[in-house]
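A short write-up of the structure that comes next.
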Amino acid sequence: MANLKDLKIRIKSVKSTQKITSAMKMVAAAKLRRAQEAAEAARPYAERMDRMIASLGAKVAGVGGPKLLAGTGRDDVHLIVVATADRGLCGGFNSSIVRAARRRIDQLLAEGKTVKVATIGRKGRDQLRRLHGDRIVSSRENVARNVVSFDTSDDIGRELIHMFEAGEFDVATIFFNRFQSAMTQVVTEQQLIPAKIPTKDVGDAAENKVMYEYEPDEEEILTALLPRSVTTQIYTALLENSASEHGARMTAMDSATRNAGDMIDKLTLTYNRTRQAVITKELIEIISGAEAL
Amino acid sequence: MAETTQFELVSPERLVLSQAVEMVVVPGSEGYFGVLPRHAPLISTLSPGVIDIHEGGSVTQRIFVAGGFAEVTGERCTVLAEVAMPLDEIDVAKAESNITDTRDVLKDVTDPVERAKLDNKIATLEAMITAKRAA
């Protein structure tokens with residue numbers, strides 16, 4: 001049977017772990033609120049961007065159009081952008097993204113395509129490095145340290161478009177977690193390049209039938225709009241990701257705190273039992289000693 | 001009350017402004033255009049400049065915008081701008097020092113992607129100063 005001192009030390013250590021996890025939960029909750037607000041504040045921009053692309057894309061579709069929309073006409077080289085967090089301790093958040101990305105990579109490789117990987121966030125890089133280390137063409141970290149800035153997304157977007165124009169890939173897809181609630185995050189796969197024309201049910205149908213005038217003209221607007229749209233999609237993805245990360249961490253830390261509580265209860269029970277056993281034993285020794293006399 | 005247009009100014013981070021206005025003048029890439037209610041549907045790119053919001057026959061708000069798009073329909077005018085800042089809040093001295101700093105950085109940058117970004121930043125700041133001076 002474990003002795004009393006060991007048990008006491010054990011209880012103390014679990015208690016301090018519990019303190020840490022509950023503090024992390026608190027921090028994650030505060031950050032979650034901020035991240036969620038940022039994600040919501042950014043929504044109007046993305047929505048209106050989609051609406052514009054929908055009305056423009058419908059007009060230009062089929063007539064070639066800019067490369068970012070029409071694609072390179074090939075489907076050989078895929079770039080997989082994996083957006084994860086920089087830090088762990090957030091449940092299955094990182095692993096689920098990486099798992100989805102890995103499955104996609106394997107599938108593409110089986111189809112005989114070339115796959116390149118770009119990672120955003122340290123955990124994704126670390127987890128992918130083992131299997132697909134030689135495919136990682138770029139990696140970034142510290143993207144979502146405090147608040148995701150549009151500037152950073154813009155950098156990433158520019159880099160992607162630069163690579164695309166240099167003919168380094170044909171299709172780019174981003175993997176991230178879409179925030180649903182603090183408990184649930186949905187791994188999402190979204191094609192960035194060539195641009196997907198948003199489906200018509202964005203906005204009401206009547207509005208989409210409006211014939212717009214274009215200044216300067218459709219092509220030129222699209223050329224300006226598409227890179228911006230890539231950036232916006234990345235920005236939205238990163239915002240969703242950061243909200244999901246904090247949500248996942250909050251949930252994970254909450255259950256960690258609860259588990260620590262259970263463990264403390266169990267250990268305390270054992271501790272008390274052991275103590276009682278020791279006392280009883282001592283009493284028996286004294287009594288039987290007295291009887292022997 | 002006169003007929004109004006629902007004007008919305010959106011930056012990537014947030015919805016900056018959403019209000020009903022009588023007229024709004026937007027700096028399109030092919031020249032400034034005014035939007036009144038029942039304007040013909042239009043999509044235009046923006047050049048850096050100042051958005052004027054008119055109400056009751058006079059300008060009530062002036063906002064500097066750069067890098068974006070405007071979408072106009074009969075009832076709405078939506079401006080998506082990368083930079084949006086009320087003209088009153090522009091500090092010429094600060095913008096100028098910012099330009100100098102950026103130029104310093106630019107000197108040592110060789111990466112074309114990065115260079116394009118910094119050039120863009122300088123152009124925006126310069127337009128900001130011009131707009132402020134002209135006001």
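Letters A, B, ... go to the chains of the structure tokens in the order shown; residues in each chain start at 1; ligands are counted from 1 in the same order.
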
Contact residues (chain B, partner chain A, 6 Å, only C-alpha atoms) as an mmCIF file with N, CA and C atoms, in the first residue's frame:
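New file out-v8.cif:
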```
data_model
loop_
_atom_site.group_PDB
_atom_site.id
_atom_site.type_symbol
_atom_site.label_atom_id
_atom_site.label_comp_id
_atom_site.auth_asym_id
_atom_site.auth_seq_id
_atom_site.Cartn_x
_atom_site.Cartn_y
_atom_site.Cartn_z
ATOM 1 N N VAL B 10 -17.165 48.796 -45.764
ATOM 2 C CA VAL B 10 -16.672 47.607 -45.090
ATOM 3 C C VAL B 10 -15.174 47.476 -45.275
ATOM 4 N N PRO B 12 -11.751 44.892 -44.213
ATOM 5 C CA PRO B 12 -11.625 43.463 -43.939
ATOM 6 C C PRO B 12 -11.904 43.134 -42.474
ATOM 7 N N GLU B 13 -11.525 44.015 -41.578
ATOM 8 C CA GLU B 13 -11.676 43.703 -40.158
ATOM 9 C C GLU B 13 -13.100 43.876 -39.662
ATOM 10 N N ARG B 14 -13.813 44.867 -40.216
ATOM 11 C CA ARG B 14 -15.139 45.094 -39.660
ATOM 12 C C ARG B 14 -15.998 45.927 -40.605
ATOM 13 N N PRO B 41 -27.278 49.872 -61.484
ATOM 14 C CA PRO B 41 -26.342 48.917 -60.882
ATOM 15 C C PRO B 41 -24.950 49.065 -61.493
ATOM 16 N N LEU B 42 -23.946 49.062 -60.633
ATOM 17 C CA LEU B 42 -22.596 49.323 -61.097
ATOM 18 C C LEU B 42 -21.607 48.633 -60.173
ATOM 19 N N ILE B 43 -20.566 48.077 -60.768
ATOM 20 C CA ILE B 43 -19.462 47.584 -59.958
ATOM 21 C C ILE B 43 -18.215 48.283 -60.451
ATOM 22 N N SER B 44 -17.467 48.852 -59.556
ATOM 23 C CA SER B 44 -16.294 49.603 -59.978
ATOM 24 C C SER B 44 -15.138 49.353 -59.017
#
```

Lys15 in chain A environment, 12 Å, only C-alpha atoms, sequence neighbours closer than 2 positions dropped, as a PyMOL selection string: chain A and resi 8-13+17-22+256-265+267-268

Export, as an mmCIF file, in the first residue's frame, the selected residues with C-alpha atoms.
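Listing of part_32.cif after writing:
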```
data_model
loop_
_atom_site.group_PDB
_atom_site.id
_atom_site.type_symbol
_atom_site.label_atom_id
_atom_site.label_comp_id
_atom_site.auth_asym_id
_atom_site.auth_seq_id
_atom_site.Cartn_x
_atom_site.Cartn_y
_atom_site.Cartn_z
ATOM 1 C CA LYS A 8 0.252 13.587 -0.028
ATOM 2 C CA ILE A 9 2.854 14.571 -2.611
ATOM 3 C CA ARG A 10 0.747 13.069 -5.369
ATOM 4 C CA ILE A 11 -2.340 15.000 -4.311
ATOM 5 C CA LYS A 12 -0.386 18.214 -4.159
ATOM 6 C CA SER A 13 1.006 17.750 -7.653
ATOM 7 C CA THR A 17 -1.809 20.728 -12.396
ATOM 8 C CA GLN A 18 -5.477 21.458 -11.913
ATOM 9 C CA LYS A 19 -4.670 25.065 -11.165
ATOM 10 C CA ILE A 20 -2.743 25.365 -14.390
ATOM 11 C CA THR A 21 -5.429 23.749 -16.519
ATOM 12 C CA SER A 22 -8.161 25.868 -15.020
ATOM 13 C CA ALA A 256 -8.650 18.245 -17.900
ATOM 14 C CA THR A 257 -9.659 20.294 -14.886
ATOM 15 C CA ARG A 258 -12.562 17.973 -14.233
ATOM 16 C CA ASN A 259 -10.393 14.892 -14.558
ATOM 17 C CA ALA A 260 -7.894 16.378 -12.148
ATOM 18 C CA GLY A 261 -10.748 16.981 -9.699
ATOM 19 C CA ASP A 262 -11.845 13.345 -9.975
ATOM 20 C CA MET A 263 -8.310 12.214 -9.464
ATOM 21 C CA ILE A 264 -7.887 14.395 -6.384
ATOM 22 C CA ASP A 265 -11.092 12.951 -4.907
ATOM 23 C CA LEU A 267 -6.477 10.078 -4.086
ATOM 24 C CA THR A 268 -7.919 11.827 -1.050
#
```

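The set of residues in range 28-161 of chain A assigned to strand (DSSP E) by DSSP, using only backbone atoms of this structure, is A:Val77, A:His78, A:Leu79, A:Ile80, A:Val81, A:Val82, A:Ala83, A:Thr114, A:Val115, A:Lys116, A:Val117, A:Ala118, A:Thr119, A:Ile120, A:Ile136, A:Val137, A:Ser138, A:Ser139, A:Arg140.
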
Prev. selection, N, CA and C atoms, output as a PDB file, in the first residue's frame:
```
ATOM      1  N   VAL A  77      -0.395  19.610 -60.397  1.00  0.00           N
ATOM      2  CA  VAL A  77       0.309  19.946 -59.165  1.00  0.00           C
ATOM      3  C   VAL A  77      -0.665  20.582 -58.178  1.00  0.00           C
ATOM      4  N   HIS A  78      -0.794  19.953 -57.028  1.00  0.00           N
ATOM      5  CA  HIS A  78      -1.712  20.471 -56.017  1.00  0.00           C
ATOM      6  C   HIS A  78      -0.923  21.077 -54.866  1.00  0.00           C
ATOM      7  N   LEU A  79      -1.383  22.229 -54.429  1.00  0.00           N
ATOM      8  CA  LEU A  79      -0.793  22.815 -53.239  1.00  0.00           C
ATOM      9  C   LEU A  79      -1.812  22.688 -52.115  1.00  0.00           C
ATOM     10  N   ILE A  80      -1.362  22.061 -51.031  1.00  0.00           N
ATOM     11  CA  ILE A  80      -2.255  21.902 -49.887  1.00  0.00           C
ATOM     12  C   ILE A  80      -1.798  22.869 -48.803  1.00  0.00           C
ATOM     13  N   VAL A  81      -2.659  23.806 -48.473  1.00  0.00           N
ATOM     14  CA  VAL A  81      -2.327  24.745 -47.415  1.00  0.00           C
ATOM     15  C   VAL A  81      -2.955  24.239 -46.124  1.00  0.00           C
ATOM     16  N   VAL A  82      -2.127  23.971 -45.135  1.00  0.00           N
ATOM     17  CA  VAL A  82      -2.636  23.415 -43.891  1.00  0.00           C
ATOM     18  C   VAL A  82      -2.526  24.464 -42.796  1.00  0.00           C
ATOM     19  N   ALA A  83      -3.655  24.954 -42.345  1.00  0.00           N
ATOM     20  CA  ALA A  83      -3.647  25.967 -41.299  1.00  0.00           C
ATOM     21  C   ALA A  83      -3.913  25.310 -39.954  1.00  0.00           C
ATOM     22  N   THR A 114       1.222  15.516 -58.362  1.00  0.00           N
ATOM     23  CA  THR A 114       2.305  16.032 -57.538  1.00  0.00           C
ATOM     24  C   THR A 114       1.681  16.876 -56.431  1.00  0.00           C
ATOM     25  N   VAL A 115       2.172  16.708 -55.225  1.00  0.00           N
ATOM     26  CA  VAL A 115       1.598  17.451 -54.114  1.00  0.00           C
ATOM     27  C   VAL A 115       2.662  18.309 -53.445  1.00  0.00           C
ATOM     28  N   LYS A 116       2.315  19.564 -53.237  1.00  0.00           N
ATOM     29  CA  LYS A 116       3.166  20.447 -52.447  1.00  0.00           C
ATOM     30  C   LYS A 116       2.385  20.866 -51.224  1.00  0.00           C
ATOM     31  N   VAL A 117       3.092  21.132 -50.150  1.00  0.00           N
ATOM     32  CA  VAL A 117       2.405  21.476 -48.910  1.00  0.00           C
ATOM     33  C   VAL A 117       2.920  22.801 -48.392  1.00  0.00           C
ATOM     34  N   ALA A 118       2.008  23.655 -47.990  1.00  0.00           N
ATOM     35  CA  ALA A 118       2.390  24.887 -47.306  1.00  0.00           C
ATOM     36  C   ALA A 118       1.720  24.863 -45.948  1.00  0.00           C
ATOM     37  N   THR A 119       2.466  25.078 -44.907  1.00  0.00           N
ATOM     38  CA  THR A 119       1.851  25.028 -43.589  1.00  0.00           C
ATOM     39  C   THR A 119       1.803  26.415 -42.971  1.00  0.00           C
ATOM     40  N   ILE A 120       0.739  26.654 -42.258  1.00  0.00           N
ATOM     41  CA  ILE A 120       0.601  27.865 -41.468  1.00  0.00           C
ATOM     42  C   ILE A 120       0.402  27.379 -40.038  1.00  0.00           C
ATOM     43  N   ILE A 136       6.977  19.953 -48.209  1.00  0.00           N
ATOM     44  CA  ILE A 136       6.649  21.263 -47.630  1.00  0.00           C
ATOM     45  C   ILE A 136       7.449  22.341 -48.352  1.00  0.00           C
ATOM     46  N   VAL A 137       6.744  23.253 -49.010  1.00  0.00           N
ATOM     47  CA  VAL A 137       7.442  24.291 -49.759  1.00  0.00           C
ATOM     48  C   VAL A 137       7.518  25.600 -48.982  1.00  0.00           C
ATOM     49  N   SER A 138       6.604  25.784 -48.052  1.00  0.00           N
ATOM     50  CA  SER A 138       6.710  26.991 -47.248  1.00  0.00           C
ATOM     51  C   SER A 138       6.012  26.752 -45.919  1.00  0.00           C
ATOM     52  N   SER A 139       6.501  27.390 -44.889  1.00  0.00           N
ATOM     53  CA  SER A 139       5.804  27.268 -43.616  1.00  0.00           C
ATOM     54  C   SER A 139       5.949  28.560 -42.833  1.00  0.00           C
ATOM     55  N   ARG A 140       4.905  28.857 -42.131  1.00  0.00           N
ATOM     56  CA  ARG A 140       4.868  30.075 -41.333  1.00  0.00           C
ATOM     57  C   ARG A 140       4.410  29.729 -39.934  1.00  0.00           C
TER      58      ARG A 140
END
```

message: Give me, as a PyMOL selection string, all polymer residues having an atom no more than 10 Å from Val59 in chain B, counting only C-alpha atoms and skipping those fewer than 4 positions away in the same chain.
response: chain B and resi 23-25+51-55

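CA of Asp88 in chain B lies 24.0 Å from CA of Thr5 in chain B.
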
message: Taking only C-alpha atoms into account, name the residue in A:Leu131, A:Met163, A:Met253, A:Ile97 that is nearest to Arg178 in chain A.
response: A:Ile97

task: Could you check which of B:Leu125, B:Leu80, B:Pro86, B:Thr45 is closest to Asp101 in chain B, using only C-alpha atoms?
output: B:Leu125

task: Check the DSSP output for the backbone and give back, as a ChimeraX atom specification, the residues of chain B in helix (DSSP H, G or I).
output: /B:87-89,92-107,112-134

Using the selection just defined, write its residues with C-alpha atoms as a short mmCIF file (atom, residue, chain, number, x, y, z; two decimals), in the first residue's frame.
```cif
data_model
loop_
_atom_site.label_atom_id
_atom_site.label_comp_id
_atom_site.auth_asym_id
_atom_site.auth_seq_id
_atom_site.Cartn_x
_atom_site.Cartn_y
_atom_site.Cartn_z
CA LEU B 87 -10.17 62.39 -43.03
CA ASP B 88 -10.02 64.18 -39.67
CA GLU B 89 -7.94 61.39 -38.20
CA VAL B 92 0.20 64.18 -42.19
CA ALA B 93 3.40 64.27 -40.12
CA LYS B 94 2.87 60.71 -38.95
CA ALA B 95 2.11 59.49 -42.47
CA GLU B 96 5.22 61.22 -43.78
CA SER B 97 7.48 59.64 -41.20
CA ASN B 98 5.83 56.33 -41.97
CA ILE B 99 6.73 56.80 -45.65
CA THR B 100 10.34 57.56 -44.77
CA ASP B 101 10.52 54.46 -42.58
CA THR B 102 8.99 52.27 -45.25
CA ARG B 103 11.44 53.60 -47.86
CA ASP B 104 14.28 52.70 -45.50
CA VAL B 105 12.99 49.18 -45.22
CA LEU B 106 12.38 48.96 -48.95
CA LYS B 107 16.05 49.66 -49.73
CA PRO B 112 9.63 40.88 -55.31
CA VAL B 113 6.49 39.95 -53.38
CA GLU B 114 7.61 41.94 -50.37
CA ARG B 115 8.69 44.86 -52.54
CA ALA B 116 5.33 45.09 -54.24
CA LYS B 117 3.66 45.16 -50.86
CA LEU B 118 5.83 47.99 -49.55
CA ASP B 119 5.43 49.98 -52.77
CA ASN B 120 1.72 49.63 -52.35
CA LYS B 121 1.93 50.88 -48.77
CA ILE B 122 3.89 53.97 -49.81
CA ALA B 123 1.44 54.75 -52.59
CA THR B 124 -1.46 54.53 -50.15
CA LEU B 125 0.24 56.80 -47.64
CA GLU B 126 1.08 59.32 -50.33
CA ALA B 127 -2.50 59.35 -51.54
CA MET B 128 -3.56 59.84 -47.94
CA ILE B 129 -1.38 62.91 -47.59
CA THR B 130 -2.54 64.34 -50.90
CA ALA B 131 -6.15 63.87 -49.89
CA LYS B 132 -5.55 65.53 -46.55
CA ARG B 133 -3.75 68.49 -48.11
CA ALA B 134 -6.48 68.99 -50.69
#
```

With only C-alpha atoms as the counted atoms, please give the residues lying no more than 10 Å from Val98 in chain A, apart from itself and same-chain residues fewer than 3 positions off, as a PDB file with C-alpha atoms, in the first residue's frame.
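Generated output (out-v5.pdb):
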```
ATOM      1  CA  VAL A  82      -2.636  23.415 -43.891  1.00  0.00           C
ATOM      2  CA  ALA A  83      -3.647  25.967 -41.299  1.00  0.00           C
ATOM      3  CA  THR A  84      -3.130  24.835 -37.713  1.00  0.00           C
ATOM      4  CA  GLY A  92      -7.802  17.045 -31.261  1.00  0.00           C
ATOM      5  CA  PHE A  93      -7.736  20.435 -32.929  1.00  0.00           C
ATOM      6  CA  ASN A  94      -4.417  20.142 -34.741  1.00  0.00           C
ATOM      7  CA  SER A  95      -4.502  16.421 -35.337  1.00  0.00           C
ATOM      8  CA  ALA A 101      -4.894  16.981 -45.011  1.00  0.00           C
ATOM      9  CA  ARG A 102      -2.902  13.774 -44.935  1.00  0.00           C
ATOM     10  CA  ARG A 103      -5.794  11.758 -46.250  1.00  0.00           C
ATOM     11  CA  ARG A 104      -6.167  14.205 -49.130  1.00  0.00           C
ATOM     12  CA  LYS A 123       1.930  22.162 -35.122  1.00  0.00           C
ATOM     13  CA  GLY A 124       0.898  21.380 -38.658  1.00  0.00           C
ATOM     14  CA  ARG A 125       4.458  21.575 -39.868  1.00  0.00           C
ATOM     15  CA  GLN A 127       3.119  16.743 -37.656  1.00  0.00           C
ATOM     16  CA  LEU A 128       3.486  16.683 -41.421  1.00  0.00           C
ATOM     17  CA  PHE A 175      -7.502  23.052 -44.692  1.00  0.00           C
ATOM     18  CA  PHE A 176      -8.728  24.664 -41.515  1.00  0.00           C
ATOM     19  CA  VAL A 187     -12.519  20.441 -40.508  1.00  0.00           C
TER      20      VAL A 187
END
```

task: To one decimal in Å, tell me the separation between CA of Ser47 in chain B and CA of Ala81 in chain B.
output: 10.0 Å
